[in-house]
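Step one of this worksheet: look at the structure below.
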Amino acid sequence: MLYTDKVIENFQNPKNVGELEDANAIGEVGSPACGDIMKMFMKINDEGVIEDISFKTYGCGAAIATSSVATEMLKGKTVEEARKLTNQQVVDELGGLPPVKLHCSVLAEEAIKAALDDYEKNHKKGEAAEIEVTEID
Amino acid sequence: MKRIYLDNAATTPVDTRVVEKMIPMFSTEYGNPSSIYAEGREAAKAIEGARREVADLIGAAPEEIYFTGSGTEADNWALRGIAEQNKKRGNHIITSAVEHHAVLHTAQELEKEGFDVTYLPVDEYGMVNPEDLKKALRDDTILVSIMMANNEIGTVEPIKELVEIVKDHNKRTVFHTDAVQALGNIPVDVKDLGVDLLSVSGHKIYGPKGIGALYVRKGQPIKNLLEGGAQEKNKRPGTENTAAIVGFGEAAKIAKEGLDEHSKHQKEIRDYLIEQVLERIPDSYLTGHPEERLPGNASFIFDYIEGEGILLSLDMGGISGSSGSACTSGSLDPSHVLLATGLPAGRAHGSLRLTIGRDTTKEDIDYTVDVLEEGIKRLRAMSPLDKDHPIDSDVYKEADKHHHH
């Protein structure tokens with residue numbers, strides 16, 4: 001298996017590992033192809049900007065490296081911008097992945113989308129709750 | 001950085017004495033062994049010497065040894081050659097679920113071509129149950145192929161007992177064993193085992209790559225796999241790879257002389273490695289049979305992490321190992337061997353195989369377990385799985401949902 005130096009570097013010293021205590025968006029997906037599991041944690045502020053982001057990944061070197069790079073790419077981005085991140089951009093950032101490992105980058109994209117879905121769900125619920133409160137007043 | 005090579009079941013370095021013997025075959029004794037003149041005769045003589053050494057190592061007669069391009073070719077030839085030779089007599093082949101792909105994939109191909117194949121199950125240690133073989137045998141069973149020792153988990157199958165069962169049922173049913181992993185590590189004696197065919201390979205016993213052999217018991221008919229020349233008594237055409245054959249011969253000679261010592265050394269180091277790993281690393285388990293296993297094989301699974309990450313962590317520390325995890329197979333399927341022992345795919349992913357070589361020391365093991373312990377700690381800290389968070393199959397459905405968007 002030939003990995004680029006960038007993949008090895010991101011496996012060896014991955015960025016943003018762990019659970020965010022104050023995350024308000026969490027997404028977890030698994031790859032049915034190989035069994036890998038990726039969990040993304042995001043702290044999104046009121047302006048819809050991803051202030052902080054972290055991951056936990058069960059998987060191979062490529063899965064860990066893609067998680068690391070993807071979280072780095074999303075830090076400081078808006079939810080809208082984050083939705084546009086594609087797996088190909090993650091692959092390019094890593095200087096390429098072996099073909100058999102491309103699904104790892106898809107998994108990263110899925111995990112991000114799952115976290116953003118979670119945020120939007122919670123966010124809407126939050127707004128609804130506020131409306132209810134005003135009604136009682 | 002010093003490298004510690006613990007993947008001796010994948011391949012071994014070529015012994016310097018073997019290299020010395022091989023060099024003249026490239027430069028001075030380069031003749032085609034089929035040629036009548038001096039250079040050819042010298043090459044032919046060297047091949048016959050090597051054939052004797054390989055035969056000696058497995059208790060065979062030299063004329064029962066046919067050189068092939070690899071152990072894989074020997075396995076392919078054994079299955080296909082016997083199946084096609086005997087197809088008028090019967091249609092049924094028996095093998096096991098834990099064979100090397102050289103046997104398993106050939107059996108699957110033969111199945112597509114109309115043969116009926118039974119894949120015997122194994123127990124939690126990877127062992128074939130002789131009773132299962134007894135029940136699987138039929139009147140139209142023409143071939144039984146069961147490996148002598150497993151390449152992933154090191155379990156040594158009871159070949160002698162299995163051969164007796166087959167021969168009691170029908171003397172004409174051919175028994176083949178893939179002894180590629182066993183050779184040079186434990187005694188392999190074709191007469192004692194009673195097998196009709198046995199596959200071996202050079203590069204697992206400190207010989208060169210690209211050379212194997214099939215033992216074919218004298219009087220056992222077998223169809224050719226290849227056509228096109230009179231080499232190997234008309235059974236395996238192609239100009240002989242003289243250097244590799246001579247190298248294999250020398251490696252076989254050295255392996256025979258040092259077998260007891262090598263075996264003892266491996267076992268001592270292996271037992272120490274297993275003890276250290278199980279003691280120092282939580283949620284680690286030995287795979288394969290606790291006693292009936294190759295002296296150099298230590299194979300494990302580690303919960304909550306994936307094998308390729310373990311291999312990369314070891315590699316960074318200068319250590320070479322291997323894994324049957326999906327992510328290292330290139331096919332994304334976890335090890336068929338571990339699955340056959342009853343492990344769920346989620347646990348089979350976290351597998352590691354370390355195999356001891358001639359020069360492996362206890363100090364190497366101490367260092368290896370240090371690196372392994374650290375690496376596993378680090379990977380587990382990154383993993384969303386632990387005792388309280390086992391794999392929840394719903395996460396895979398989540399991905400499916402997105403794929404269908």
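In the structure tokens, the first chain shown is A, the next is B, and so on; residue numbers restart at 1 for each chain, and ligands run from 1 in the order shown.
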
Specify as number ranges by chain all residues of chain A found within 6 Å of chain B, counting only C-alpha atoms.
-> A: 29-32, 34, 56-61

Next, the residues of the selection above should be written as a PDB file, in the first residue's frame with C-alpha atoms.
ATOM      1  CA  VAL A  29     -21.244   7.022  10.169  1.00  0.00           C
ATOM      2  CA  GLY A  30     -19.744   3.683   9.272  1.00  0.00           C
ATOM      3  CA  SER A  31     -18.551   2.360   5.963  1.00  0.00           C
ATOM      4  CA  PRO A  32     -20.373  -0.838   5.103  1.00  0.00           C
ATOM      5  CA  CYS A  34     -14.817  -2.017   5.183  1.00  0.00           C
ATOM      6  CA  LYS A  56     -12.830   9.929  16.620  1.00  0.00           C
ATOM      7  CA  THR A  57     -12.187   7.249  14.035  1.00  0.00           C
ATOM      8  CA  TYR A  58     -12.080   3.472  14.041  1.00  0.00           C
ATOM      9  CA  GLY A  59     -10.289   2.512  10.875  1.00  0.00           C
ATOM     10  CA  CYS A  60      -7.130   2.297   8.855  1.00  0.00           C
ATOM     11  CA  GLY A  61      -4.377   4.849   8.336  1.00  0.00           C
TER      12      GLY A  61
END

Near Arg17 of chain B, counting only C-alpha atoms, which residues have an atom at most 9 Å away, once you skip same-chain residues fewer than 2 positions from it, shown as an MDAnalysis selection string?
-> chainID B and resid 14:15 19:22 247 250:251 254

Create the file for the chosen residues now, containing C-alpha atoms and written as an mmCIF file, in the first residue's frame.
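Contents of selection_18.cif, freshly written:
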data_model
loop_
_atom_site.group_PDB
_atom_site.id
_atom_site.type_symbol
_atom_site.label_atom_id
_atom_site.label_comp_id
_atom_site.auth_asym_id
_atom_site.auth_seq_id
_atom_site.Cartn_x
_atom_site.Cartn_y
_atom_site.Cartn_z
ATOM 1 C CA VAL B 14 17.790 -15.139 1.552
ATOM 2 C CA ASP B 15 20.556 -16.858 3.535
ATOM 3 C CA VAL B 19 23.111 -16.457 -2.395
ATOM 4 C CA GLU B 20 26.687 -17.786 -2.756
ATOM 5 C CA LYS B 21 25.361 -20.971 -4.368
ATOM 6 C CA MET B 22 23.066 -19.052 -6.694
ATOM 7 C CA GLY B 247 18.965 -21.637 -4.091
ATOM 8 C CA GLU B 250 20.643 -25.041 -0.557
ATOM 9 C CA ALA B 251 17.959 -23.449 1.622
ATOM 10 C CA ILE B 254 20.260 -25.647 5.674
#

What gap, in Å, lies between atom CA of Leu102 of chain A and atom CA of Gly375 of chain B?
->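 Atom CA of Gly375 of chain B lies 24.4 Å from atom CA of Leu102 of chain A.
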
Considering only C-alpha atoms, give me a table of residues in segment 81-126 of chain A that are at most 12 Å from segment 37-50 of chain A, with the closest atom pair and distance in Å for each, as a Markdown table.
| residue | atom | partner | partner_atom | distance |
| --- | --- | --- | --- | --- |
| A:Glu81 | CA | A:Val49 | CA | 9.2 |
| A:Ala82 | CA | A:Ile50 | CA | 8.5 |
| A:Arg83 | CA | A:Ile50 | CA | 11.6 |
| A:His103 | CA | A:Ile37 | CA | 11.7 |
| A:Cys104 | CA | A:Met38 | CA | 9.3 |
| A:Ser105 | CA | A:Met38 | CA | 10.6 |
| A:Val106 | CA | A:Met38 | CA | 10.8 |
| A:Leu107 | CA | A:Met38 | CA | 7.1 |
| A:Ala108 | CA | A:Met38 | CA | 7.0 |
| A:Glu109 | CA | A:Met38 | CA | 10.0 |
| A:Glu110 | CA | A:Met38 | CA | 8.9 |
| A:Ala111 | CA | A:Met40 | CA | 6.1 |
| A:Ile112 | CA | A:Met40 | CA | 6.5 |
| A:Lys113 | CA | A:Met40 | CA | 9.5 |
| A:Ala114 | CA | A:Met40 | CA | 8.4 |
| A:Ala115 | CA | A:Met40 | CA | 6.4 |
| A:Leu116 | CA | A:Met42 | CA | 8.5 |
| A:Asp117 | CA | A:Met42 | CA | 11.5 |
| A:Asp118 | CA | A:Met42 | CA | 10.0 |
| A:Tyr119 | CA | A:Ile44 | CA | 8.0 |
| A:Glu120 | CA | A:Gly48 | CA | 10.1 |
| A:Asn122 | CA | A:Ile44 | CA | 11.4 |
| A:His123 | CA | A:Asp46 | CA | 9.7 |
| A:Gly126 | CA | A:Asp46 | CA | 11.8 |

Just-selected residues, N, CA and C atoms written as a short mmCIF file (atom, residue, chain, number, x, y, z; two decimals), in the first residue's frame:
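Below you can see again00.cif, which holds the result:
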data_model
loop_
_atom_site.label_atom_id
_atom_site.label_comp_id
_atom_site.auth_asym_id
_atom_site.auth_seq_id
_atom_site.Cartn_x
_atom_site.Cartn_y
_atom_site.Cartn_z
N GLU A 81 -20.57 26.52 3.77
CA GLU A 81 -19.31 26.13 3.12
C GLU A 81 -18.96 24.68 3.40
N ALA A 82 -19.23 24.28 4.64
CA ALA A 82 -18.92 22.90 5.04
C ALA A 82 -19.72 21.89 4.22
N ARG A 83 -20.96 22.24 3.91
CA ARG A 83 -21.82 21.36 3.12
C ARG A 83 -21.24 21.12 1.72
N HIS A 103 -12.86 5.17 -0.53
CA HIS A 103 -14.09 5.17 0.25
C HIS A 103 -13.91 5.83 1.62
N CYS A 104 -12.66 5.88 2.11
CA CYS A 104 -12.40 6.55 3.39
C CYS A 104 -12.75 8.03 3.29
N SER A 105 -12.45 8.63 2.14
CA SER A 105 -12.74 10.06 1.97
C SER A 105 -14.24 10.28 1.85
N VAL A 106 -14.92 9.31 1.23
CA VAL A 106 -16.39 9.39 1.15
C VAL A 106 -16.97 9.34 2.55
N LEU A 107 -16.38 8.48 3.37
CA LEU A 107 -16.84 8.33 4.74
C LEU A 107 -16.70 9.66 5.50
N ALA A 108 -15.59 10.37 5.27
CA ALA A 108 -15.37 11.66 5.93
C ALA A 108 -16.46 12.65 5.51
N GLU A 109 -16.76 12.65 4.22
CA GLU A 109 -17.81 13.55 3.72
C GLU A 109 -19.16 13.20 4.37
N GLU A 110 -19.44 11.91 4.46
CA GLU A 110 -20.69 11.45 5.10
C GLU A 110 -20.75 11.87 6.56
N ALA A 111 -19.65 11.73 7.27
CA ALA A 111 -19.62 12.05 8.70
C ALA A 111 -19.87 13.54 8.91
N ILE A 112 -19.28 14.36 8.03
CA ILE A 112 -19.48 15.81 8.11
C ILE A 112 -20.95 16.14 7.87
N LYS A 113 -21.52 15.54 6.84
CA LYS A 113 -22.93 15.81 6.52
C LYS A 113 -23.84 15.36 7.66
N ALA A 114 -23.50 14.22 8.26
CA ALA A 114 -24.30 13.72 9.38
C ALA A 114 -24.24 14.71 10.55
N ALA A 115 -23.07 15.28 10.80
CA ALA A 115 -22.92 16.25 11.89
C ALA A 115 -23.71 17.52 11.57
N LEU A 116 -23.64 17.95 10.31
CA LEU A 116 -24.37 19.17 9.92
C LEU A 116 -25.89 18.96 9.99
N ASP A 117 -26.33 17.75 9.61
CA ASP A 117 -27.75 17.40 9.73
C ASP A 117 -28.18 17.49 11.19
N ASP A 118 -27.31 16.96 12.04
CA ASP A 118 -27.59 16.95 13.48
C ASP A 118 -27.71 18.38 13.99
N TYR A 119 -26.80 19.25 13.54
CA TYR A 119 -26.82 20.66 13.96
C TYR A 119 -28.13 21.32 13.53
N GLU A 120 -28.49 21.12 12.28
CA GLU A 120 -29.70 21.76 11.75
C GLU A 120 -30.96 21.28 12.45
N ASN A 122 -31.07 20.15 15.59
CA ASN A 122 -31.06 20.74 16.93
C ASN A 122 -31.40 22.23 16.87
N HIS A 123 -30.86 22.89 15.86
CA HIS A 123 -31.03 24.32 15.69
C HIS A 123 -32.49 24.67 15.51
N GLY A 126 -34.35 24.22 18.62
CA GLY A 126 -34.04 25.34 19.51
C GLY A 126 -34.95 26.53 19.21
#

Residues at most 9 Å from Leu97 of chain A, counting only C-alpha atoms, excluding those fewer than 4 positions away in the same chain, as a list of chain:residue names?
->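 Residues near the query, excluding close chain neighbours: A:Leu2, A:Tyr3, A:Thr4, A:Val7, A:Ala62, A:Val91, A:Asp92, A:Lys101, A:Leu102, A:Ser105.
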
Report as number ranges by chain: the residues of segment 24-111 of chain A with a DSSP assignment of strand (DSSP E or B), based on the backbone of this structure.
-> A: 25-30, 37-44, 49-58, 78

Could you save the residues just selected, with N, CA and C atoms, as a short mmCIF file (atom, residue, chain, number, x, y, z; two decimals), in the first residue's frame?
data_model
loop_
_atom_site.label_atom_id
_atom_site.label_comp_id
_atom_site.auth_asym_id
_atom_site.auth_seq_id
_atom_site.Cartn_x
_atom_site.Cartn_y
_atom_site.Cartn_z
N ALA A 25 -23.00 19.69 17.44
CA ALA A 25 -23.28 18.92 16.22
C ALA A 25 -22.41 17.67 16.25
N ILE A 26 -23.07 16.51 16.23
CA ILE A 26 -22.31 15.26 16.25
C ILE A 26 -22.84 14.35 15.15
N GLY A 27 -21.93 13.80 14.37
CA GLY A 27 -22.33 12.88 13.31
C GLY A 27 -21.46 11.64 13.36
N GLU A 28 -22.11 10.49 13.24
CA GLU A 28 -21.34 9.24 13.25
C GLU A 28 -21.81 8.36 12.10
N VAL A 29 -20.88 7.94 11.26
CA VAL A 29 -21.24 7.02 10.17
C VAL A 29 -20.20 5.92 10.05
N GLY A 30 -20.64 4.81 9.49
CA GLY A 30 -19.74 3.68 9.27
C GLY A 30 -19.74 3.32 7.81
N ILE A 37 -15.46 3.31 11.09
CA ILE A 37 -16.47 4.20 11.70
C ILE A 37 -15.82 5.55 11.99
N MET A 38 -16.51 6.62 11.61
CA MET A 38 -16.00 7.96 11.83
C MET A 38 -17.04 8.77 12.61
N LYS A 39 -16.56 9.48 13.65
CA LYS A 39 -17.47 10.29 14.46
C LYS A 39 -16.92 11.71 14.48
N MET A 40 -17.75 12.68 14.08
CA MET A 40 -17.34 14.08 14.01
C MET A 40 -18.06 14.88 15.09
N PHE A 41 -17.32 15.77 15.73
CA PHE A 41 -17.89 16.67 16.74
C PHE A 41 -17.64 18.11 16.27
N MET A 42 -18.67 18.95 16.29
CA MET A 42 -18.49 20.35 15.89
C MET A 42 -19.10 21.29 16.92
N LYS A 43 -18.41 22.44 17.09
CA LYS A 43 -18.98 23.51 17.91
C LYS A 43 -19.28 24.64 16.93
N ILE A 44 -20.57 24.85 16.64
CA ILE A 44 -20.98 25.84 15.65
C ILE A 44 -21.58 27.04 16.39
N VAL A 49 -20.80 29.53 12.14
CA VAL A 49 -19.40 29.25 11.81
C VAL A 49 -18.90 28.10 12.69
N ILE A 50 -18.17 27.18 12.07
CA ILE A 50 -17.61 26.06 12.83
C ILE A 50 -16.40 26.58 13.61
N GLU A 51 -16.61 26.82 14.89
CA GLU A 51 -15.56 27.37 15.75
C GLU A 51 -14.52 26.31 16.10
N ASP A 52 -15.03 25.12 16.37
CA ASP A 52 -14.13 24.04 16.73
C ASP A 52 -14.68 22.74 16.16
N ILE A 53 -13.78 21.79 15.95
CA ILE A 53 -14.18 20.53 15.35
C ILE A 53 -13.21 19.45 15.78
N SER A 54 -13.71 18.24 15.98
CA SER A 54 -12.82 17.12 16.33
C SER A 54 -13.40 15.82 15.79
N PHE A 55 -12.61 14.77 15.90
CA PHE A 55 -13.09 13.47 15.39
C PHE A 55 -12.60 12.34 16.25
N LYS A 56 -13.31 11.22 16.12
CA LYS A 56 -12.83 9.93 16.62
C LYS A 56 -13.08 8.92 15.51
N THR A 57 -12.06 8.16 15.16
CA THR A 57 -12.19 7.25 14.04
C THR A 57 -11.67 5.86 14.37
N TYR A 58 -12.48 4.88 13.97
CA TYR A 58 -12.08 3.47 14.04
C TYR A 58 -11.83 3.06 12.60
N THR A 78 -18.18 28.24 7.41
CA THR A 78 -19.60 28.30 7.76
C THR A 78 -20.24 26.95 7.44
#

Residues flagged helix (DSSP H, G or I) by DSSP in segment 28-135 of chain B, as a PyMOL selection string = chain B and resi 38-57+62-64+71-85+101-112+130-135

With C-alpha atoms retained, export the selected residues as an mmCIF file, in the first residue's frame.
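Ended up saving to out-v1.cif:
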data_model
loop_
_atom_site.group_PDB
_atom_site.id
_atom_site.type_symbol
_atom_site.label_atom_id
_atom_site.label_comp_id
_atom_site.auth_asym_id
_atom_site.auth_seq_id
_atom_site.Cartn_x
_atom_site.Cartn_y
_atom_site.Cartn_z
ATOM 1 C CA ALA B 38 28.951 -28.731 -21.023
ATOM 2 C CA GLU B 39 27.172 -25.564 -19.799
ATOM 3 C CA GLY B 40 23.826 -27.292 -20.114
ATOM 4 C CA ARG B 41 25.027 -30.467 -18.425
ATOM 5 C CA GLU B 42 26.430 -28.480 -15.499
ATOM 6 C CA ALA B 43 23.125 -26.688 -15.024
ATOM 7 C CA ALA B 44 21.172 -29.955 -15.237
ATOM 8 C CA LYS B 45 23.478 -31.517 -12.663
ATOM 9 C CA ALA B 46 22.969 -28.575 -10.299
ATOM 10 C CA ILE B 47 19.193 -28.925 -10.611
ATOM 11 C CA GLU B 48 19.328 -32.615 -9.765
ATOM 12 C CA GLY B 49 21.431 -31.815 -6.697
ATOM 13 C CA ALA B 50 18.827 -29.293 -5.546
ATOM 14 C CA ARG B 51 16.042 -31.778 -6.188
ATOM 15 C CA ARG B 52 17.746 -34.228 -3.821
ATOM 16 C CA GLU B 53 17.983 -31.593 -1.094
ATOM 17 C CA VAL B 54 14.322 -30.615 -1.357
ATOM 18 C CA ALA B 55 13.315 -34.293 -1.455
ATOM 19 C CA ASP B 56 15.468 -34.975 1.636
ATOM 20 C CA LEU B 57 13.803 -32.198 3.584
ATOM 21 C CA PRO B 62 14.072 -36.944 -5.787
ATOM 22 C CA GLU B 63 11.957 -38.142 -8.709
ATOM 23 C CA GLU B 64 8.829 -37.191 -6.759
ATOM 24 C CA GLY B 71 3.917 -22.387 -3.910
ATOM 25 C CA THR B 72 0.810 -20.870 -5.439
ATOM 26 C CA GLU B 73 1.481 -22.633 -8.734
ATOM 27 C CA ALA B 74 2.037 -25.912 -6.884
ATOM 28 C CA ASP B 75 -1.353 -25.512 -5.167
ATOM 29 C CA ASN B 76 -3.096 -24.597 -8.420
ATOM 30 C CA TRP B 77 -1.514 -27.541 -10.185
ATOM 31 C CA ALA B 78 -2.404 -29.998 -7.415
ATOM 32 C CA LEU B 79 -6.082 -29.094 -7.404
ATOM 33 C CA ARG B 80 -6.632 -28.581 -11.096
ATOM 34 C CA GLY B 81 -4.347 -31.424 -12.163
ATOM 35 C CA ILE B 82 -6.091 -33.964 -9.938
ATOM 36 C CA ALA B 83 -9.597 -32.656 -10.640
ATOM 37 C CA GLU B 84 -9.122 -32.880 -14.405
ATOM 38 C CA GLN B 85 -7.278 -36.197 -14.215
ATOM 39 C CA HIS B 101 -6.294 -18.349 -1.485
ATOM 40 C CA ALA B 102 -4.108 -20.370 -3.864
ATOM 41 C CA VAL B 103 -6.225 -23.386 -2.892
ATOM 42 C CA LEU B 104 -9.482 -21.620 -2.055
ATOM 43 C CA HIS B 105 -9.741 -19.581 -5.236
ATOM 44 C CA THR B 106 -8.736 -22.557 -7.393
ATOM 45 C CA ALA B 107 -11.462 -24.608 -5.690
ATOM 46 C CA GLN B 108 -13.950 -21.817 -6.387
ATOM 47 C CA GLU B 109 -12.932 -21.774 -10.058
ATOM 48 C CA LEU B 110 -13.342 -25.545 -10.274
ATOM 49 C CA GLU B 111 -16.766 -25.135 -8.730
ATOM 50 C CA LYS B 112 -17.705 -22.733 -11.531
ATOM 51 C CA PRO B 130 -11.772 -35.207 11.571
ATOM 52 C CA GLU B 131 -15.393 -36.220 12.133
ATOM 53 C CA ASP B 132 -16.511 -33.495 9.712
ATOM 54 C CA LEU B 133 -14.176 -34.888 7.080
ATOM 55 C CA LYS B 134 -15.500 -38.401 7.675
ATOM 56 C CA LYS B 135 -19.053 -37.182 7.107
#

Tell me which protein, DNA and RNA residues are within 7 Å of segment 210-215 of chain B, counting only C-alpha atoms, leaving out same-chain ones fewer than 4 positions away, and put them as number ranges by chain.
-> B: 64-71, 74, 197-202, 244-245

Using only C-alpha atoms, which of A:Val69, A:Lys124, A:Gln88, A:Gly95 sits nearest Val17 of chain A?
->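 Of A:Val69, A:Lys124, A:Gln88, A:Gly95, the one nearest Val17 of chain A, counting only C-alpha atoms, is A:Val69.
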